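S.K.: Got a file for you: structure_6.cif, mmCIF, C-alpha atoms.
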data_entry
#
loop_
_atom_site.label_atom_id
_atom_site.label_comp_id
_atom_site.auth_asym_id
_atom_site.auth_seq_id
_atom_site.Cartn_x
_atom_site.Cartn_y
_atom_site.Cartn_z
CA MET A 1 -100.54 39.09 -71.61
CA THR A 2 -98.92 41.56 -69.25
CA LYS A 3 -100.04 41.14 -65.65
CA ARG A 4 -99.98 44.58 -64.07
CA VAL A 5 -100.43 44.76 -60.32
CA VAL A 6 -100.61 47.62 -57.83
CA LEU A 7 -99.45 46.59 -54.36
CA ALA A 8 -100.48 48.31 -51.13
CA TYR A 9 -96.98 48.84 -49.80
CA SER A 10 -95.92 49.77 -46.26
CA GLY A 11 -92.21 49.03 -46.38
CA GLY A 12 -92.64 46.29 -43.78
CA VAL A 13 -91.52 42.68 -43.83
CA ASP A 14 -94.56 41.18 -45.53
CA THR A 15 -95.25 43.81 -48.18
CA THR A 16 -91.57 43.98 -49.13
CA ALA A 17 -91.45 40.21 -49.58
CA CYS A 18 -94.59 40.50 -51.71
CA ILE A 19 -92.73 42.31 -54.50
CA PRO A 20 -90.42 39.42 -55.50
CA TYR A 21 -93.15 36.89 -54.64
CA LEU A 22 -95.61 38.55 -57.03
CA ARG A 23 -93.01 38.27 -59.80
CA GLU A 24 -91.55 34.87 -59.03
CA GLU A 25 -94.63 32.97 -57.87
CA MET A 26 -97.73 34.82 -59.10
CA GLY A 27 -96.79 35.84 -62.62
CA ALA A 28 -96.71 39.63 -62.26
CA ASP A 29 -94.46 41.39 -64.75
CA PHE A 30 -95.27 44.99 -63.81
CA VAL A 31 -95.57 45.98 -60.13
CA VAL A 32 -96.61 49.38 -58.83
CA ALA A 33 -95.81 49.81 -55.14
CA MET A 34 -98.26 52.29 -53.65
CA ALA A 35 -97.50 53.63 -50.19
CA VAL A 36 -100.04 55.85 -48.48
CA ASP A 37 -98.84 58.52 -46.08
CA LEU A 38 -101.33 58.40 -43.22
CA GLY A 39 -98.94 59.99 -40.77
CA GLN A 40 -96.17 57.43 -40.42
CA GLY A 41 -93.65 60.25 -40.14
CA ALA A 42 -89.99 59.35 -40.50
CA GLU A 43 -90.82 55.70 -41.13
CA LEU A 44 -92.16 56.56 -44.59
CA GLY A 45 -89.05 58.41 -45.76
CA PRO A 46 -87.11 55.54 -47.36
CA VAL A 47 -90.18 53.53 -48.38
CA ARG A 48 -90.22 54.63 -52.02
CA GLU A 49 -86.56 53.69 -52.55
CA LYS A 50 -86.98 50.42 -50.67
CA ALA A 51 -89.80 49.34 -52.98
CA LEU A 52 -87.72 50.06 -56.06
CA SER A 53 -84.72 48.18 -54.67
CA ALA A 54 -87.02 45.23 -53.93
CA GLY A 55 -87.99 45.09 -57.60
CA ALA A 56 -91.01 47.35 -58.09
CA ASP A 57 -91.28 49.01 -61.50
CA VAL A 58 -92.97 52.09 -60.09
CA SER A 59 -93.13 53.35 -56.51
CA VAL A 60 -95.55 56.09 -55.49
CA VAL A 61 -96.35 57.73 -52.17
CA VAL A 62 -99.77 59.34 -51.72
CA ASP A 63 -100.10 62.02 -49.02
CA ALA A 64 -103.53 61.41 -47.48
CA LYS A 65 -103.01 62.57 -43.88
CA GLU A 66 -105.45 65.48 -43.79
CA ARG A 67 -108.08 63.54 -45.72
CA PHE A 68 -107.62 60.60 -43.37
CA VAL A 69 -108.30 62.66 -40.25
CA ARG A 70 -111.10 64.77 -41.75
CA GLU A 71 -113.04 62.07 -43.65
CA PHE A 72 -112.36 59.00 -41.49
CA GLY A 73 -111.00 59.95 -38.08
CA PHE A 74 -113.40 62.76 -37.16
CA PRO A 75 -116.54 60.90 -38.30
CA ALA A 76 -115.42 58.10 -35.97
CA VAL A 77 -115.12 60.64 -33.16
CA ARG A 78 -118.69 61.82 -33.84
CA ALA A 79 -119.70 58.17 -33.48
CA ASN A 80 -117.58 57.69 -30.31
CA ALA A 81 -116.39 54.55 -32.09
CA LEU A 82 -114.51 52.18 -29.78
CA TYR A 83 -114.29 48.52 -30.79
CA ASP A 84 -114.96 46.29 -27.78
CA GLY A 85 -115.22 49.51 -25.76
CA GLN A 86 -111.46 50.14 -25.92
CA TYR A 87 -109.90 50.46 -29.37
CA PRO A 88 -110.54 53.67 -31.36
CA LEU A 89 -110.09 51.91 -34.72
CA SER A 90 -106.90 53.69 -35.69
CA SER A 91 -105.66 50.93 -38.02
CA ALA A 92 -109.13 49.80 -39.11
CA LEU A 93 -110.03 53.31 -40.30
CA GLY A 94 -106.96 53.47 -42.52
CA ARG A 95 -107.85 50.41 -44.55
CA PRO A 96 -110.91 51.72 -46.44
CA LEU A 97 -108.91 54.78 -47.48
CA ILE A 98 -105.99 52.62 -48.60
CA GLY A 99 -108.49 50.49 -50.51
CA GLU A 100 -109.93 53.56 -52.23
CA LEU A 101 -106.44 54.66 -53.25
CA LEU A 102 -105.56 51.15 -54.45
CA VAL A 103 -108.49 51.25 -56.84
CA GLU A 104 -107.64 54.79 -58.01
CA THR A 105 -103.99 53.84 -58.60
CA ALA A 106 -104.96 50.65 -60.42
CA HIS A 107 -107.07 52.72 -62.80
CA ALA A 108 -104.30 55.29 -63.27
CA TYR A 109 -101.67 52.66 -64.16
CA ARG A 110 -104.00 50.35 -66.13
CA CYS A 111 -103.57 47.50 -63.67
CA GLY A 112 -106.00 44.60 -63.73
CA ALA A 113 -105.07 43.41 -60.24
CA VAL A 114 -104.37 44.79 -56.80
CA ALA A 115 -102.32 43.10 -54.08
CA HIS A 116 -101.70 43.44 -50.37
CA GLY A 117 -99.50 41.81 -47.75
CA CYS A 118 -102.23 40.84 -45.29
CA THR A 119 -102.09 37.41 -43.71
CA GLY A 120 -104.91 34.88 -43.70
CA LYS A 121 -105.45 35.24 -39.95
CA GLY A 122 -105.75 39.01 -39.79
CA ASN A 123 -108.47 41.61 -40.13
CA ASP A 124 -106.87 43.74 -42.82
CA GLN A 125 -107.36 41.19 -45.59
CA VAL A 126 -111.10 41.42 -44.96
CA ARG A 127 -111.10 45.21 -44.93
CA LEU A 128 -109.06 45.63 -48.10
CA ASP A 129 -110.74 42.81 -50.05
CA LEU A 130 -114.19 44.17 -49.18
CA THR A 131 -113.25 47.74 -50.05
CA VAL A 132 -111.78 46.83 -53.44
CA GLY A 133 -114.65 44.47 -54.21
CA LEU A 134 -117.26 47.08 -53.33
CA LEU A 135 -115.57 49.83 -55.35
CA ASP A 136 -114.50 47.83 -58.45
CA SER A 137 -115.38 44.15 -58.56
CA ARG A 138 -113.52 43.75 -61.89
CA LEU A 139 -110.13 43.98 -60.19
CA GLU A 140 -108.39 40.74 -59.29
CA ILE A 141 -107.19 40.63 -55.67
CA LEU A 142 -103.85 38.94 -54.92
CA ALA A 143 -102.76 38.18 -51.36
CA PRO A 144 -99.31 36.51 -51.32
CA ALA A 145 -99.13 36.29 -47.50
CA ARG A 146 -102.36 34.30 -47.53
CA VAL A 147 -100.83 31.57 -49.67
CA TRP A 148 -97.12 31.45 -48.88
CA PRO A 149 -96.06 28.94 -46.18
CA PHE A 150 -93.65 31.29 -44.39
CA SER A 151 -93.33 32.11 -40.70
CA ARG A 152 -92.25 35.67 -39.89
CA ALA A 153 -88.59 34.56 -39.68
CA GLU A 154 -88.92 32.66 -42.98
CA THR A 155 -90.45 35.73 -44.62
CA ILE A 156 -87.40 37.72 -43.57
CA ALA A 157 -85.16 35.00 -44.97
CA TYR A 158 -87.09 34.96 -48.27
CA SER A 159 -86.54 38.72 -48.66
CA GLU A 160 -82.85 38.34 -47.89
CA LYS A 161 -82.55 35.89 -50.82
CA PHE A 162 -83.33 38.84 -53.09
CA GLY A 163 -80.94 41.21 -51.34
CA ILE A 164 -83.64 42.95 -49.31
CA GLU A 165 -82.81 44.09 -45.78
CA PRO A 166 -85.99 44.10 -43.64
CA HIS A 167 -86.45 46.94 -41.15
CA VAL A 168 -87.16 44.54 -38.27
CA THR A 169 -84.88 41.83 -36.93
CA LYS A 170 -85.38 38.21 -36.00
CA GLU A 171 -84.72 39.23 -32.39
CA LYS A 172 -87.59 41.77 -32.41
CA PRO A 173 -90.22 40.16 -34.63
CA TRP A 174 -93.22 42.25 -33.64
CA ALA A 175 -95.08 44.10 -36.36
CA VAL A 176 -95.95 47.79 -36.15
CA ASP A 177 -98.67 49.71 -37.95
CA LEU A 178 -98.46 53.47 -37.47
CA ASN A 179 -100.63 56.34 -38.64
CA VAL A 180 -101.72 59.70 -37.28
CA LEU A 181 -104.71 58.15 -35.50
CA GLY A 182 -102.58 55.67 -33.55
CA ARG A 183 -100.01 52.91 -33.41
CA ASN A 184 -100.59 49.14 -33.34
CA VAL A 185 -98.05 46.54 -32.24
CA GLU A 186 -98.58 42.79 -32.53
CA ALA A 187 -96.83 39.39 -32.82
CA GLY A 188 -93.61 38.17 -31.26
CA PRO A 189 -93.57 38.18 -27.42
CA ILE A 190 -96.92 40.00 -27.38
CA GLU A 191 -98.55 36.67 -28.22
CA ASP A 192 -97.51 35.43 -24.74
CA LEU A 193 -100.34 36.53 -22.44
CA SER A 194 -98.04 36.37 -19.42
CA TRP A 195 -95.58 38.86 -20.96
CA GLU A 196 -95.83 42.41 -19.65
CA PRO A 197 -94.89 44.90 -22.39
CA THR A 198 -91.53 46.53 -21.89
CA GLU A 199 -90.94 50.20 -22.61
CA GLU A 200 -89.19 49.48 -25.91
CA VAL A 201 -92.54 48.36 -27.36
CA TRP A 202 -94.13 51.79 -26.83
CA ALA A 203 -93.21 54.81 -28.96
CA LEU A 204 -95.92 57.48 -28.74
CA THR A 205 -96.57 57.47 -24.99
CA THR A 206 -94.56 58.06 -21.85
CA ALA A 207 -94.91 55.53 -19.04
CA PRO A 208 -97.53 57.04 -16.68
CA GLU A 209 -95.16 56.84 -13.71
CA GLU A 210 -92.57 58.82 -15.71
CA ALA A 211 -95.04 61.47 -16.94
CA PRO A 212 -94.81 65.06 -15.65
CA ASP A 213 -95.63 65.64 -11.99
CA HIS A 214 -97.97 68.51 -12.86
CA PRO A 215 -101.23 68.06 -14.81
CA ALA A 216 -101.92 69.57 -18.23
CA TYR A 217 -105.21 71.10 -19.34
CA VAL A 218 -106.57 71.31 -22.87
CA THR A 219 -109.88 72.67 -24.14
CA VAL A 220 -111.32 70.93 -27.19
CA GLY A 221 -113.89 72.90 -29.19
CA PHE A 222 -116.54 71.22 -31.34
CA ASP A 223 -118.89 72.49 -34.04
CA ALA A 224 -121.82 70.15 -34.71
CA GLY A 225 -119.84 67.27 -33.22
CA THR A 226 -116.65 67.86 -35.23
CA PRO A 227 -113.46 68.98 -33.46
CA VAL A 228 -112.50 72.45 -34.67
CA SER A 229 -110.26 74.07 -32.05
CA LEU A 230 -107.81 73.64 -29.19
CA ASP A 231 -107.72 76.19 -26.39
CA GLY A 232 -109.86 78.56 -28.46
CA GLU A 233 -107.65 78.44 -31.58
CA ARG A 234 -109.33 77.09 -34.72
CA LEU A 235 -107.02 74.59 -36.39
CA PRO A 236 -106.99 72.14 -39.32
CA ALA A 237 -108.08 68.61 -38.48
CA LEU A 238 -104.60 67.15 -38.85
CA VAL A 239 -103.03 69.75 -36.55
CA ILE A 240 -105.64 69.14 -33.85
CA LEU A 241 -104.89 65.44 -33.79
CA GLU A 242 -101.12 65.86 -33.97
CA ARG A 243 -101.13 68.26 -31.03
CA LEU A 244 -103.34 66.01 -28.93
CA ASN A 245 -101.17 63.01 -29.76
CA ALA A 246 -98.11 64.88 -28.49
CA LEU A 247 -99.82 66.25 -25.38
CA GLY A 248 -101.56 63.02 -24.43
CA GLY A 249 -98.51 60.90 -25.14
CA ASN A 250 -96.30 63.13 -23.00
CA HIS A 251 -98.69 62.67 -20.07
CA GLY A 252 -98.95 58.91 -20.40
CA VAL A 253 -102.40 58.85 -21.97
CA GLY A 254 -103.37 56.41 -24.70
CA ARG A 255 -101.92 52.95 -24.00
CA ILE A 256 -104.21 49.99 -24.71
CA ASP A 257 -103.36 46.32 -24.06
CA MET A 258 -106.35 44.23 -25.07
CA LEU A 259 -107.59 40.85 -26.18
CA GLU A 260 -109.27 41.53 -29.49
CA ASN A 261 -111.97 39.54 -31.25
CA ARG A 262 -110.82 39.41 -34.86
CA VAL A 263 -113.18 39.29 -37.82
CA VAL A 264 -111.97 35.81 -38.74
CA GLY A 265 -113.05 34.40 -35.37
CA VAL A 266 -109.81 34.19 -33.38
CA LYS A 267 -108.80 36.16 -30.32
CA SER A 268 -105.53 38.08 -30.50
CA ARG A 269 -103.59 40.28 -28.15
CA GLU A 270 -103.01 43.76 -29.51
CA LEU A 271 -101.16 46.78 -28.16
CA TYR A 272 -102.31 50.25 -29.23
CA GLU A 273 -101.25 53.81 -28.60
CA ALA A 274 -103.94 56.34 -29.52
CA PRO A 275 -103.69 59.38 -27.23
CA GLY A 276 -105.28 61.93 -29.56
CA MET A 277 -108.29 59.84 -30.55
CA LEU A 278 -109.00 58.80 -26.97
CA LEU A 279 -108.88 62.43 -25.81
CA LEU A 280 -111.21 63.55 -28.60
CA ILE A 281 -113.72 60.79 -27.92
CA ARG A 282 -113.67 61.50 -24.17
CA ALA A 283 -114.33 65.20 -24.78
CA HIS A 284 -117.00 64.48 -27.38
CA GLN A 285 -118.84 62.07 -25.12
CA GLU A 286 -118.99 64.70 -22.39
CA LEU A 287 -120.26 67.39 -24.74
CA GLU A 288 -122.96 65.07 -26.05
CA ASN A 289 -124.04 64.41 -22.48
CA LEU A 290 -124.67 68.13 -22.12
CA ALA A 291 -126.44 68.62 -25.43
CA LEU A 292 -128.53 65.47 -26.02
CA PRO A 293 -131.54 64.11 -24.09
CA ALA A 294 -131.25 60.78 -22.31
CA ASP A 295 -133.29 58.74 -24.78
CA VAL A 296 -131.21 59.92 -27.76
CA LEU A 297 -128.00 59.29 -25.82
CA GLY A 298 -129.11 55.78 -24.94
CA GLU A 299 -129.95 54.85 -28.51
CA LYS A 300 -126.79 56.48 -29.83
CA ARG A 301 -124.63 54.52 -27.38
CA ARG A 302 -126.17 51.29 -28.65
CA LEU A 303 -125.59 52.25 -32.27
CA GLU A 304 -122.03 53.40 -31.57
CA ALA A 305 -121.10 49.78 -30.85
CA VAL A 306 -122.77 48.72 -34.11
CA TYR A 307 -120.83 51.43 -35.98
CA GLY A 308 -117.53 50.39 -34.39
CA LYS A 309 -118.05 46.76 -35.36
CA ALA A 310 -119.06 47.64 -38.93
CA VAL A 311 -115.88 49.69 -39.38
CA TYR A 312 -113.74 47.04 -37.69
CA ASP A 313 -115.25 44.36 -39.93
CA GLY A 314 -114.31 46.29 -43.08
CA LEU A 315 -117.76 47.58 -44.03
CA TRP A 316 -116.91 51.27 -44.25
CA HIS A 317 -118.26 51.35 -47.82
CA GLY A 318 -121.34 49.30 -46.99
CA PRO A 319 -124.88 50.62 -46.54
CA LEU A 320 -124.96 50.10 -42.75
CA ARG A 321 -122.19 52.59 -42.01
CA ALA A 322 -123.81 55.14 -44.32
CA ALA A 323 -127.17 54.70 -42.60
CA LEU A 324 -125.60 55.04 -39.16
CA ASP A 325 -123.79 58.21 -40.24
CA ALA A 326 -127.14 59.68 -41.27
CA PHE A 327 -128.47 59.05 -37.75
CA PHE A 328 -125.34 60.46 -36.14
CA ASP A 329 -125.44 63.55 -38.37
CA SER A 330 -128.92 64.27 -37.05
CA THR A 331 -127.82 63.94 -33.43
CA GLN A 332 -124.82 66.24 -33.88
CA ARG A 333 -126.70 69.39 -34.91
CA THR A 334 -126.71 70.71 -31.34
CA VAL A 335 -123.36 69.26 -30.22
CA THR A 336 -121.42 72.53 -30.28
CA GLY A 337 -119.30 73.74 -27.39
CA ALA A 338 -116.05 73.11 -25.55
CA ILE A 339 -114.78 70.60 -23.02
CA THR A 340 -111.66 71.10 -20.90
CA LEU A 341 -109.75 67.93 -20.06
CA LYS A 342 -107.22 67.40 -17.29
CA LEU A 343 -104.35 65.02 -18.08
CA TYR A 344 -102.26 63.57 -15.27
CA LYS A 345 -100.01 60.51 -15.27
CA GLY A 346 -102.08 58.46 -17.70
CA GLY A 347 -105.47 59.59 -16.40
CA VAL A 348 -108.00 61.86 -18.06
CA SER A 349 -110.81 63.73 -16.31
CA VAL A 350 -113.19 66.53 -17.26
CA ALA A 351 -112.33 69.87 -15.71
CA ALA A 352 -114.92 72.16 -17.36
CA ARG A 353 -117.91 71.88 -19.69
CA ASN A 354 -119.72 74.32 -21.94
CA ALA A 355 -122.34 73.79 -24.65
CA GLU A 356 -124.17 76.39 -26.72
CA ARG A 357 -127.44 74.47 -26.25
CA SER A 358 -126.81 72.82 -22.92
CA LEU A 359 -129.67 70.82 -21.43
CA TYR A 360 -128.18 71.32 -17.98
CA ARG A 361 -130.40 74.01 -16.41
CA HIS A 362 -129.20 75.39 -13.09
CA GLU A 363 -132.65 76.66 -12.15
CA LEU A 364 -133.99 73.10 -12.34
CA VAL A 365 -131.31 71.29 -10.35
CA THR A 366 -130.35 73.87 -7.74
CA TYR A 367 -131.44 73.54 -4.13
CA GLY A 368 -131.26 77.31 -3.75
CA SER A 369 -134.14 79.76 -3.49
CA ASP A 370 -134.21 80.33 -7.25
CA CYS A 371 -135.25 76.71 -7.97
CA VAL A 372 -138.18 76.44 -10.43
CA PHE A 373 -138.60 72.66 -10.23
CA ASP A 374 -142.10 71.83 -8.94
CA GLN A 375 -141.36 69.20 -6.30
CA SER A 376 -145.07 68.76 -5.55
CA SER A 377 -145.45 66.92 -8.88
CA ALA A 378 -143.03 64.19 -7.77
CA GLU A 379 -145.60 62.20 -5.77
CA GLY A 380 -147.94 61.78 -8.75
CA PHE A 381 -145.02 60.92 -11.01
CA ILE A 382 -143.83 58.18 -8.64
CA ASP A 383 -147.36 56.77 -8.43
CA ILE A 384 -147.74 56.48 -12.21
CA PHE A 385 -144.14 55.39 -12.77
CA GLY A 386 -144.44 52.50 -10.34
CA LEU A 387 -147.92 51.39 -11.45
CA PRO A 388 -146.86 48.53 -13.77
CA SER A 389 -144.61 46.99 -11.11
CA ARG A 390 -147.29 47.27 -8.43
CA VAL A 391 -149.84 45.57 -10.67
CA TRP A 392 -147.38 42.78 -11.48
CA ASN A 393 -146.72 42.19 -7.79
CA GLN A 394 -150.46 42.16 -7.02
CA VAL A 395 -151.18 39.64 -9.78
CA ASN A 396 -148.20 37.41 -9.01
CA GLY A 397 -148.22 37.65 -5.24
CA GLY A 398 -145.01 39.64 -5.01
#
Please go through the file and, once you have read it, give me the structure as structure tokens.
M.R.:
Amino acid sequence: MTKRVVLAYSGGVDTTACIPYLREEMGADFVVAMAVDLGQGAELGPVREKALSAGADVSVVVDAKERFVREFGFPAVRANALYDGQYPLSSALGRPLIGELLVETAHAYRCGAVAHGCTGKGNDQVRLDLTVGLLDSRLEILAPARVWPFSRAETIAYSEKFGIEPHVTKEKPWAVDLNVLGRNVEAGPIEDLSWEPTEEVWALTTAPEEAPDHPAYVTVGFDAGTPVSLDGERLPALVILERLNALGGNHGVGRIDMLENRVVGVKSRELYEAPGMLLLIRAHQELENLALPADVLGEKRRLEAVYGKAVYDGLWHGPLRAALDAFFDSTQRTVTGAITLKLYKGGVSVAARNAERSLYRHELVTYGSDCVFDQSSAEGFIDIFGLPSRVWNQVNGG
């Protein structure tokens, strides 16, 4: 019986080696290589031809950039989603969309199996396996890189046996994952915690010390928590992110060097560049601070960490993320306005704030003659507010 497989294909070392491995070792006799354009830019150009030359029967490229930003990136901004307080989930957010498209392509080409090039130590295997399993549990999931015994150099050598020329070299063995939300670099010298990244590792961001000597300003407009404009000009979601990536990167904003707690239980060192997402989240956080009361902000901050972990863990299509989105949707009804950010040599600060329904009331906080705050009520408030602590001290001899 024909074994038809659709492979999530990136054009990288592992997924390229998967094509001959699926045929030679796993019994596939019809392979569809599916690449998803999430904003890889020039890197995606030769991918279709590379898959065919590696032995794929069909090679398709799906343009999903706008959908990716609108349906995955901007909801994460509304959630201020930062895994471990640092990483804006640029790679993690791409996996549920790739999983959706894997299932759709499998159905279109009558494939009974899907495959990916994720390793057994990484997060992406969890994200893709969970997505496919949640969307169509009938599909078999094949993961060659989870079973083959190859090191990165041996994987390159295996590909070369079939006449495939990998796009990375044995001298630069780090792996790169790029999309419009950000860029991830791992492996190779990055695994050495004493190694300081050299400039050749970075691609989207200027070194802060080499950034322009004059600051840049940008005003991000939001409608119900969703970014809709830059400097007063309403723009499509993809354009907003692309422009902020370019602006932030030019001014040295967006570099992340972190120890990451992977889903599978190990700690890894990861490098990220995500200037646009970090700028959007910073602006969104400030606008929320204007528009939401303290108790809602406090609970939302707690749930933002839960949301970030759920997405990181591959549970985008699970009930928890959907429930959290329902809460966030409720909080965002009044989060409309604009925040002006100042960018200077890798730093970001807020230069101006404006919200349609701002809870900042000048007449309450001013020390001028027009103040309407009744200061005489403060003494009674302090008395009641401190009552539980006073009673505790009396009872316990404090």
S.K.: I'd like the interatomic distance between atom CA of A:Val350 and atom CA of A:Leu292, to a tenth of an Å.
M.R.: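 Computing the Euclidean distance for atom CA of A:Val350 and atom CA of A:Leu292 yields 17.7 Å.
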S.K.: Applying the PyMOL selection byres ((chain A and resi 13) around 9) to the file I just gave you, which residues come out? Please list them as a ChimeraX atom specification.
M.R.: /A:10-12,14-18,117,152,155-156,159,166-168,175
S.K.: Can you list what the PyMOL selection byres ((chain A and resi 273) around 7) grabs from this structure, as a list in words?
M.R.: Gly182, Arg183, Asn184, Leu204, Thr205, Gly254, Arg255, Ile256, Tyr272, Ala274 and Pro275 of chain A
S.K.: Any chance you can output those residues with C-alpha atoms as a PDB file, in the frame of the given file?
M.R.:
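Below is the file that was written, result.pdb:
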ATOM      1  CA  GLY A 182    -102.580  55.670 -33.550  1.00  0.00           C
ATOM      2  CA  ARG A 183    -100.010  52.910 -33.410  1.00  0.00           C
ATOM      3  CA  ASN A 184    -100.590  49.140 -33.340  1.00  0.00           C
ATOM      4  CA  LEU A 204     -95.920  57.480 -28.740  1.00  0.00           C
ATOM      5  CA  THR A 205     -96.570  57.470 -24.990  1.00  0.00           C
ATOM      6  CA  GLY A 254    -103.370  56.410 -24.700  1.00  0.00           C
ATOM      7  CA  ARG A 255    -101.920  52.950 -24.000  1.00  0.00           C
ATOM      8  CA  ILE A 256    -104.210  49.990 -24.710  1.00  0.00           C
ATOM      9  CA  TYR A 272    -102.310  50.250 -29.230  1.00  0.00           C
ATOM     10  CA  ALA A 274    -103.940  56.340 -29.520  1.00  0.00           C
ATOM     11  CA  PRO A 275    -103.690  59.380 -27.230  1.00  0.00           C
TER      12      PRO A 275
END
S.K.: Write out as a Markdown table the residues of stretch 124-175 of chain A that have any atom within 12 Å of an atom of stretch 100-108 of chain A, one row each with the nearest atom pair and its distance in Å to one decimal, counting all atoms listed in the file, sorted by chain and then rising number.
M.R.:
| residue | atom | partner | partner_atom | distance |
| --- | --- | --- | --- | --- |
| A:Arg127 | CA | A:Glu100 | CA | 11.2 |
| A:Leu128 | CA | A:Glu100 | CA | 9.0 |
| A:Asp129 | CA | A:Leu102 | CA | 10.8 |
| A:Leu130 | CA | A:Glu100 | CA | 10.8 |
| A:Thr131 | CA | A:Glu100 | CA | 7.0 |
| A:Val132 | CA | A:Val103 | CA | 6.5 |
| A:Gly133 | CA | A:Val103 | CA | 9.5 |
| A:Leu134 | CA | A:Glu100 | CA | 9.8 |
| A:Leu135 | CA | A:Val103 | CA | 7.4 |
| A:Asp136 | CA | A:Val103 | CA | 7.1 |
| A:Ser137 | CA | A:Val103 | CA | 10.0 |
| A:Arg138 | CA | A:Val103 | CA | 10.3 |
| A:Leu139 | CA | A:Val103 | CA | 8.2 |
| A:Glu140 | CA | A:Ala106 | CA | 10.5 |
| A:Ile141 | CA | A:Leu102 | CA | 10.7 |
S.K.: Compile the contact shell of A:Gly120 as a PyMOL selection string: residues with an atom at most 10 Å away, counting all atoms listed in the file, same-chain residues fewer than 5 positions apart removed.
M.R.: chain A and resi 125-126+143-148+264
S.K.: Identify which of the residues A:Glu379, A:Glu286, A:Asp325, A:Glu66 lies closest to A:Ser349, counting only C-alpha atoms when measuring atom-to-atom distances.
M.R.: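 Using only C-alpha atoms, A:Ser349 sits closest to A:Glu286.
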S.K.: Where does the PyMOL selection byres ((chain A and resi 49) around 12) land in this file, that is, which residues does it pick, as a PyMOL selection string?
M.R.: chain A and resi 9-11+16+33-35+44-48+50-61+164
S.K.: Export, as a short mmCIF file (atom, residue, chain, number, x, y, z; two decimals), in the frame of the given file, the selected residues with C-alpha atoms.
M.R.:
data_model
loop_
_atom_site.label_atom_id
_atom_site.label_comp_id
_atom_site.auth_asym_id
_atom_site.auth_seq_id
_atom_site.Cartn_x
_atom_site.Cartn_y
_atom_site.Cartn_z
CA TYR A 9 -96.98 48.84 -49.80
CA SER A 10 -95.92 49.77 -46.26
CA GLY A 11 -92.21 49.03 -46.38
CA THR A 16 -91.57 43.98 -49.13
CA ALA A 33 -95.81 49.81 -55.14
CA MET A 34 -98.26 52.29 -53.65
CA ALA A 35 -97.50 53.63 -50.19
CA LEU A 44 -92.16 56.56 -44.59
CA GLY A 45 -89.05 58.41 -45.76
CA PRO A 46 -87.11 55.54 -47.36
CA VAL A 47 -90.18 53.53 -48.38
CA ARG A 48 -90.22 54.63 -52.02
CA LYS A 50 -86.98 50.42 -50.67
CA ALA A 51 -89.80 49.34 -52.98
CA LEU A 52 -87.72 50.06 -56.06
CA SER A 53 -84.72 48.18 -54.67
CA ALA A 54 -87.02 45.23 -53.93
CA GLY A 55 -87.99 45.09 -57.60
CA ALA A 56 -91.01 47.35 -58.09
CA ASP A 57 -91.28 49.01 -61.50
CA VAL A 58 -92.97 52.09 -60.09
CA SER A 59 -93.13 53.35 -56.51
CA VAL A 60 -95.55 56.09 -55.49
CA VAL A 61 -96.35 57.73 -52.17
CA ILE A 164 -83.64 42.95 -49.31
#
S.K.: What is the atom CA of A:Leu230-atom CA of A:Leu287 distance in Å, reported with one decimal?
M.R.: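 Between atom CA of A:Leu230 and atom CA of A:Leu287 the gap is 14.6 Å.
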S.K.: With distances taken over all atoms listed in the file, which residue among A:Ala203, A:Leu280, A:Ala92, A:Leu193 lies nearest A:Arg78?
M.R.: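 Looking only at the distances to A:Arg78, the closest residue turns out to be A:Leu280.
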S.K.: In Å to one decimal, how far is atom CA of A:Pro215 from atom CA of A:Asn289?
M.R.: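 Atom CA of A:Pro215 lies at a distance of 24.3 Å from atom CA of A:Asn289.
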S.K.: Excluding A:Val77 and its own-chain neighbours fewer than 3 positions away, which residues fall within 10 Å of it when counting only C-alpha atoms? Please give them as a ChimeraX atom specification.
M.R.: /A:72-74,80-82,88,225-227,277-285
S.K.: Please define a box with edges along x, y and z of the file around all atoms of stretch 226-240 of chain A given in the file, extend it by 5 Å on each side, and return its centre and edge lengths in Å to one decimal, as JSON.
M.R.:
{"center_x": -109.8, "center_y": 72.9, "center_z": -32.9, "size_x": 23.6, "size_y": 21.4, "size_z": 22.9}
S.K.: I'd like the contact shell of A:His116 - 6 Å cut-off, only C-alpha atoms, skipping same-chain residues fewer than 2 positions apart - returned as a list in words.
M.R.: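 Using only C-alpha atoms, the neighbours found are Leu7, Ala8, Cys118 and Ala143 of chain A.
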